[in-house]
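*Asks:* Below is the file query_37.cif, which contains mmCIF, C-alpha atoms.
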```cif
data_run
#
loop_
_atom_site.label_atom_id
_atom_site.label_comp_id
_atom_site.auth_asym_id
_atom_site.auth_seq_id
_atom_site.Cartn_x
_atom_site.Cartn_y
_atom_site.Cartn_z
CA MET A 27 10.54 -91.06 11.78
CA ARG A 28 12.27 -90.02 14.97
CA ARG A 29 12.84 -86.33 15.35
CA ARG A 30 16.31 -85.03 16.19
CA HIS A 31 16.59 -83.07 19.43
CA VAL A 32 20.10 -81.69 19.03
CA GLY A 33 20.35 -77.91 19.24
CA TRP A 34 17.05 -77.15 20.99
CA ILE A 35 18.11 -73.79 22.34
CA ALA A 36 19.62 -72.67 19.05
CA SER A 37 16.50 -73.70 17.12
CA ALA A 38 14.17 -71.89 19.50
CA ALA A 39 16.32 -68.78 19.48
CA ALA A 40 16.44 -68.75 15.68
CA ALA A 41 12.65 -69.05 15.53
CA VAL A 42 12.28 -66.09 17.85
CA LEU A 43 14.59 -63.95 15.75
CA VAL A 44 12.72 -64.79 12.55
CA ALA A 45 9.36 -64.10 14.21
CA ALA A 46 10.54 -60.83 15.75
CA GLY A 47 11.53 -59.54 12.35
CA ALA A 48 8.35 -60.65 10.61
CA ILE A 49 5.77 -59.49 13.13
CA THR A 50 6.79 -55.84 12.97
CA TYR A 51 5.04 -55.51 9.65
CA ALA A 52 2.00 -57.54 10.68
CA VAL A 53 1.40 -55.50 13.82
CA ALA A 54 2.11 -52.23 12.08
CA GLY A 55 -0.63 -53.14 9.62
CA ASP A 56 -3.10 -53.63 12.47
CA THR A 57 -2.11 -50.57 14.52
CA GLY A 58 -0.81 -48.16 11.94
CA GLY A 59 -4.06 -47.18 10.24
CA PRO A 60 -5.82 -43.86 10.85
CA ASP A 61 -8.69 -45.49 12.71
CA THR A 62 -6.61 -47.72 15.02
CA ALA A 63 -4.69 -46.38 18.02
CA THR A 64 -1.55 -47.92 19.47
CA PRO A 65 -2.51 -49.78 22.69
CA GLY A 66 -1.90 -48.03 25.99
CA ALA A 67 0.39 -49.31 28.72
CA GLU A 68 -2.52 -50.59 30.82
CA SER A 69 -4.57 -51.97 27.92
CA ALA A 70 -5.59 -55.60 27.60
CA ASP A 71 -3.28 -55.88 24.59
CA ALA A 72 -0.24 -54.80 26.61
CA GLY A 73 -1.27 -56.73 29.71
CA PHE A 74 -1.74 -59.95 27.78
CA ALA A 75 1.59 -59.52 25.99
CA ARG A 76 3.45 -58.97 29.27
CA ASP A 77 1.73 -61.70 31.26
CA MET A 78 1.74 -64.35 28.55
CA ALA A 79 5.44 -63.74 27.87
CA VAL A 80 6.13 -64.63 31.52
CA HIS A 81 3.71 -67.57 31.40
CA HIS A 82 5.34 -68.94 28.24
CA GLN A 83 8.83 -68.60 29.69
CA GLN A 84 7.98 -71.07 32.43
CA ALA A 85 6.59 -73.57 29.92
CA VAL A 86 9.88 -73.38 28.02
CA GLU A 87 11.80 -73.89 31.27
CA MET A 88 9.75 -76.95 32.26
CA SER A 89 10.20 -78.45 28.81
CA TYR A 90 13.98 -78.05 28.97
CA ILE A 91 13.98 -79.69 32.41
CA VAL A 92 12.05 -82.79 31.33
CA ARG A 93 14.17 -83.13 28.20
CA ASP A 94 17.10 -83.98 30.45
CA ARG A 95 15.10 -86.20 32.80
CA THR A 96 13.69 -88.79 30.35
CA LYS A 97 14.68 -90.70 27.24
CA ASN A 98 11.09 -91.30 26.15
CA GLU A 99 10.83 -90.02 22.57
CA GLU A 100 7.12 -89.16 22.77
CA VAL A 101 7.55 -86.92 25.81
CA ARG A 102 10.74 -85.37 24.46
CA ARG A 103 9.01 -84.61 21.15
CA LEU A 104 6.08 -82.97 22.92
CA ALA A 105 8.43 -80.96 25.14
CA TYR A 106 10.43 -79.88 22.08
CA ASP A 107 7.29 -78.70 20.28
CA ILE A 108 6.04 -76.78 23.32
CA ALA A 109 9.42 -75.15 23.95
CA GLN A 110 9.89 -74.10 20.34
CA THR A 111 6.32 -72.84 19.88
CA GLN A 112 6.15 -70.89 23.10
CA ALA A 113 9.64 -69.39 22.74
CA ASN A 114 8.57 -68.21 19.28
CA GLN A 115 5.32 -66.73 20.58
CA ARG A 116 7.11 -65.10 23.50
CA GLY A 117 9.37 -63.35 21.02
CA MET A 118 6.31 -62.02 19.21
CA LEU A 119 4.70 -60.73 22.40
CA LEU A 120 7.84 -58.92 23.54
CA GLY A 121 8.37 -57.62 20.02
CA TRP A 122 4.92 -56.05 20.02
CA LEU A 123 5.65 -54.25 23.29
CA ASP A 124 8.82 -52.86 21.73
CA LEU A 125 6.92 -51.82 18.62
CA TRP A 126 4.30 -50.05 20.71
CA GLY A 127 6.96 -48.35 22.83
CA LEU A 128 5.52 -49.89 26.00
CA PRO A 129 7.31 -51.25 29.09
CA LYS A 130 7.71 -55.00 29.51
CA VAL A 131 6.80 -54.76 33.19
CA SER A 132 3.93 -53.06 34.98
CA ALA A 133 3.37 -51.75 38.48
CA GLU A 134 -0.02 -53.48 38.39
CA PRO A 135 -0.34 -57.10 39.55
CA PRO A 136 -0.54 -59.85 36.90
CA MET A 137 -4.00 -60.44 35.40
CA THR A 138 -5.16 -56.89 36.15
CA TRP A 139 -5.97 -56.47 32.45
CA MET A 140 -8.51 -59.29 32.78
CA GLY A 141 -10.20 -57.67 35.75
CA MET A 142 -8.72 -60.37 37.99
CA ARG A 143 -6.36 -58.25 40.06
CA GLY A 144 -4.99 -60.22 42.98
CA MET A 145 -6.21 -63.58 41.66
CA ALA A 146 -2.74 -65.08 42.00
CA ASP A 147 -0.74 -64.12 45.06
CA GLY A 148 2.58 -65.07 43.53
CA LYS A 149 3.28 -67.44 46.40
CA ASP A 150 6.31 -69.62 45.69
CA GLY A 151 6.65 -68.22 42.17
CA ALA A 152 3.18 -69.06 40.83
CA LEU A 153 2.32 -65.63 39.42
CA MET A 154 -0.60 -66.54 37.15
CA PRO A 155 -3.21 -69.27 36.59
CA GLY A 156 -1.69 -72.66 35.90
CA MET A 157 1.89 -71.68 36.69
CA ALA A 158 3.99 -74.17 38.63
CA THR A 159 5.51 -73.16 41.94
CA ASN A 160 9.25 -72.99 42.48
CA THR A 161 8.92 -76.07 44.69
CA GLU A 162 7.23 -77.98 41.86
CA LEU A 163 9.93 -76.98 39.38
CA LYS A 164 12.60 -78.18 41.81
CA LYS A 165 10.74 -81.47 42.23
CA LEU A 166 10.52 -81.94 38.45
CA GLY A 167 14.28 -81.51 38.24
CA SER A 168 14.78 -84.21 40.87
CA LEU A 169 12.71 -86.89 39.12
CA SER A 170 13.66 -89.14 36.23
CA GLY A 171 12.11 -91.60 33.82
CA GLU A 172 8.39 -92.21 34.01
CA GLN A 173 8.02 -90.23 37.25
CA ALA A 174 9.41 -87.15 35.52
CA GLU A 175 7.18 -87.76 32.50
CA ILE A 176 4.03 -87.97 34.59
CA PHE A 177 4.82 -84.92 36.69
CA TYR A 178 5.72 -82.88 33.60
CA LEU A 179 2.48 -83.86 31.87
CA GLN A 180 0.50 -82.93 34.98
CA LEU A 181 2.26 -79.59 35.41
CA MET A 182 1.94 -78.75 31.72
CA THR A 183 -1.73 -79.67 31.67
CA ASP A 184 -2.34 -77.19 34.50
CA HIS A 185 -0.13 -74.66 32.72
CA HIS A 186 -2.03 -75.00 29.45
CA LYS A 187 -5.40 -74.67 31.19
CA GLY A 188 -4.24 -71.40 32.72
CA GLY A 189 -2.86 -70.28 29.36
CA VAL A 190 -6.13 -71.05 27.59
CA HIS A 191 -8.00 -68.97 30.18
CA MET A 192 -5.66 -66.02 29.59
CA ALA A 193 -5.76 -66.35 25.80
CA GLU A 194 -9.57 -66.44 25.84
CA GLY A 195 -9.41 -63.21 27.83
CA CYS A 196 -7.34 -61.59 25.07
CA VAL A 197 -9.71 -62.84 22.38
CA ALA A 198 -12.50 -61.08 24.26
CA LYS A 199 -10.67 -57.91 25.34
CA CYS A 200 -7.72 -57.20 23.05
CA THR A 201 -8.15 -54.72 20.20
CA VAL A 202 -5.17 -55.47 17.93
CA GLY A 203 -6.30 -57.96 15.31
CA VAL A 204 -3.07 -59.90 14.91
CA GLU A 205 -2.77 -60.32 18.69
CA LYS A 206 -6.37 -61.57 18.97
CA ARG A 207 -5.63 -64.08 16.19
CA LEU A 208 -2.50 -65.28 17.96
CA ALA A 209 -4.50 -65.69 21.19
CA GLN A 210 -7.17 -67.72 19.41
CA GLY A 211 -4.47 -69.91 17.92
CA MET A 212 -3.08 -70.46 21.42
CA VAL A 213 -6.50 -71.57 22.65
CA GLU A 214 -6.91 -74.11 19.88
CA ALA A 215 -3.36 -75.48 20.03
CA GLN A 216 -3.20 -75.77 23.80
CA GLU A 217 -6.63 -77.41 24.07
CA SER A 218 -5.43 -79.98 21.54
CA GLU A 219 -2.27 -80.59 23.57
CA ILE A 220 -4.29 -80.94 26.78
CA GLU A 221 -6.21 -83.75 25.10
CA LEU A 222 -2.98 -85.33 23.89
CA MET A 223 -1.43 -85.16 27.36
CA ALA A 224 -4.53 -86.76 28.91
CA GLY A 225 -3.94 -89.76 26.66
CA MET A 226 -0.25 -89.86 27.51
CA LEU A 227 -1.06 -89.79 31.22
CA LYS A 228 -3.59 -92.58 30.80
CA GLU A 229 -0.94 -94.72 29.10
CA ARG A 230 1.12 -94.28 32.26
CA ASP A 231 -1.79 -95.17 34.59
CA ALA A 232 -1.99 -91.55 35.73
CA LYS A 233 -4.26 -88.57 35.21
CA ALA A 234 -4.30 -84.79 35.43
CA ARG A 235 -4.31 -83.30 38.90
#
```
What is this structure when it is put down as structure tokens?
*Replies:*
Amino acid sequence: MRRRHVGWIASAAAAVLVAAGAITYAVAGDTGGPDTATPGAESADAGFARDMAVHHQQAVEMSYIVRDRTKNEEVRRLAYDIAQTQANQRGMLLGWLDLWGLPKVSAEPPMTWMGMRGMADGKDGALMPGMATNTELKKLGSLSGEQAEIFYLQLMTDHHKGGVHMAEGCVAKCTVGVEKRLAQGMVEAQESEIELMAGMLKERDAKAR
């Protein structure tokens, strides 16, 4: 059955609001006990939350762009799922920072929490592994039809690979249980989508970059 795509932004926003209300209790349960301290501003927990919120925001942006550049239902459905899921998760990450009373920005470069300070130079907007450049986003917005589909799938494959790397870092370094579980879920979901996108690219006589 074909999925309706009307009201994307409203649906994603509603999901974020529901998640933001629900996660307060879940995180409080993991950080409110006598033996568990609230993460510090420069902890892996805070660093992952800040960096992945930015990383996710670009995935949402790319998905909205391709939605308007193709009528292919398979690509639009994938883009819808990615946009909704990552907007929801972004709301959780920012909600945790609020709950912990920590800033949403840091004076340290992105990826410092992973011991990878300076890995990404931020050139042309690519702040973290897998992120598209501003030039690439502009190009995506200029394409249509199958060309837009292929470029989106290529960009999102790179984006997911970078996201998996970051999420694996949180699984290894974060201390808050619910955040580690979210990160592990990201790894599994995005690896599955990478496989799906490889098949979609192959159907279009293309492949990942």
*Asks:* Using all atoms listed in the file, can you tell me which of A:Leu222, A:Ala234, A:Val86, A:Ile91 comes closest to Asp107 in chain A?
*Replies:* A:Val86
*Asks:* Decode the PyMOL selection byres ((chain A and resi 188-193) around 7) for the given file into explicit residues and return them as a list in words.
*Replies:* Pro155, Gly156, Asp184, His185, His186, Lys187, Glu194, Gly195, Cys196, Val197, Ala209, Gln210, Met212, Val213 and Gln216 of chain A
*Asks:* Evaluate the PyMOL selection byres ((chain A and resi 151) around 12) on the structure here and hand back the selected residues as a PyMOL selection string.
*Replies:* chain A and resi 80-81+84+146-150+152-164
*Asks:* With only C-alpha atoms as the atoms that count, which of A:Thr183, A:Gly167, A:Lys130, A:Phe177 lies nearest to Glu221 in chain A?
*Replies:* A:Thr183
*Asks:* Could you spell out the hits of the PyMOL selection byres ((chain A and resi 75) around 8) on the shown file, as a list in words?
*Replies:* Asp71, Ala72, Gly73, Phe74, Arg76, Asp77, Met78, Ala79, Leu119, Leu120, Trp122 and Leu123 of chain A
*Asks:* Tell me, as a ChimeraX atom specification, which residues lie within 9 Å of Leu179 in chain A, counting all atoms listed in the file; anything in the same chain fewer than 5 positions away does not count.
*Replies:* /A:101,174,184,220,223-224,226-227,233-234
*Asks:* Rounded to one decimal place, report the CA of Asn114 in chain A-CA of His82 in chain A distance in Å.
*Replies:*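 Result for CA of Asn114 in chain A versus CA of His82 in chain A: 9.6 Å, one decimal.
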*Asks:* Report the distance between CA of Thr111 in chain A and CA of Gly203 in chain A in Å, rounded to one decimal place.
*Replies:*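 Answer for the CA of Thr111 in chain A to CA of Gly203 in chain A separation: 20.0 Å.
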*Asks:* Please report the interatomic distance between CA of Thr96 in chain A and CA of Glu172 in chain A in Å with one decimal.
*Replies:* 7.3 Å
*Asks:* Do a neighbour search on Met140 in chain A at 8 Å with all atoms listed in the file, toss out local chain neighbours closer than 2 positions, and write the hits as a VMD selection string.
*Replies:* chain A and resid 70 137 to 138 142 to 143 192 195 199
*Asks:* Residues within 10 Å of (14.9, -94.2, 28.6), file coordinates, counting all atoms listed in the file: what are they? Give the list as JSON, numbers by chain.
*Replies:* {"A": [95, 96, 97, 98, 99, 170, 171, 172]}
*Asks:* Would you mind telling me which residue in A:Glu134, A:Asp124, A:Glu87, A:Glu214 lies nearest to Leu181 in chain A when using all atoms listed in the file?
*Replies:*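 Among A:Glu134, A:Asp124, A:Glu87, A:Glu214, it is A:Glu87 that comes nearest to Leu181 in chain A.
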*Asks:* Using all atoms listed in the file for the distances, tell me which of A:Ser89, A:Cys200, A:Glu217, A:Glu205 is nearest to Gln110 in chain A.
*Replies:* A:Ser89
*Asks:* Would you please work out which residue, of A:Met182, A:Ala133, A:Leu125, A:Leu169, is nearest to Pro65 in chain A when using all atoms listed in the file?
*Replies:* A:Leu125
*Asks:* Put a box with edges along x, y and z around all the listed atoms of range 95-102 of chain A, pad it by 8 Å on each side, then give me its centre and sizes in Å, one decimal, as lines of an AutoDock Vina configuration file.
*Replies:*
```
center_x = 11.1
center_y = -88.3
center_z = 27.7
size_x = 24.0
size_y = 21.9
size_z = 26.2
```
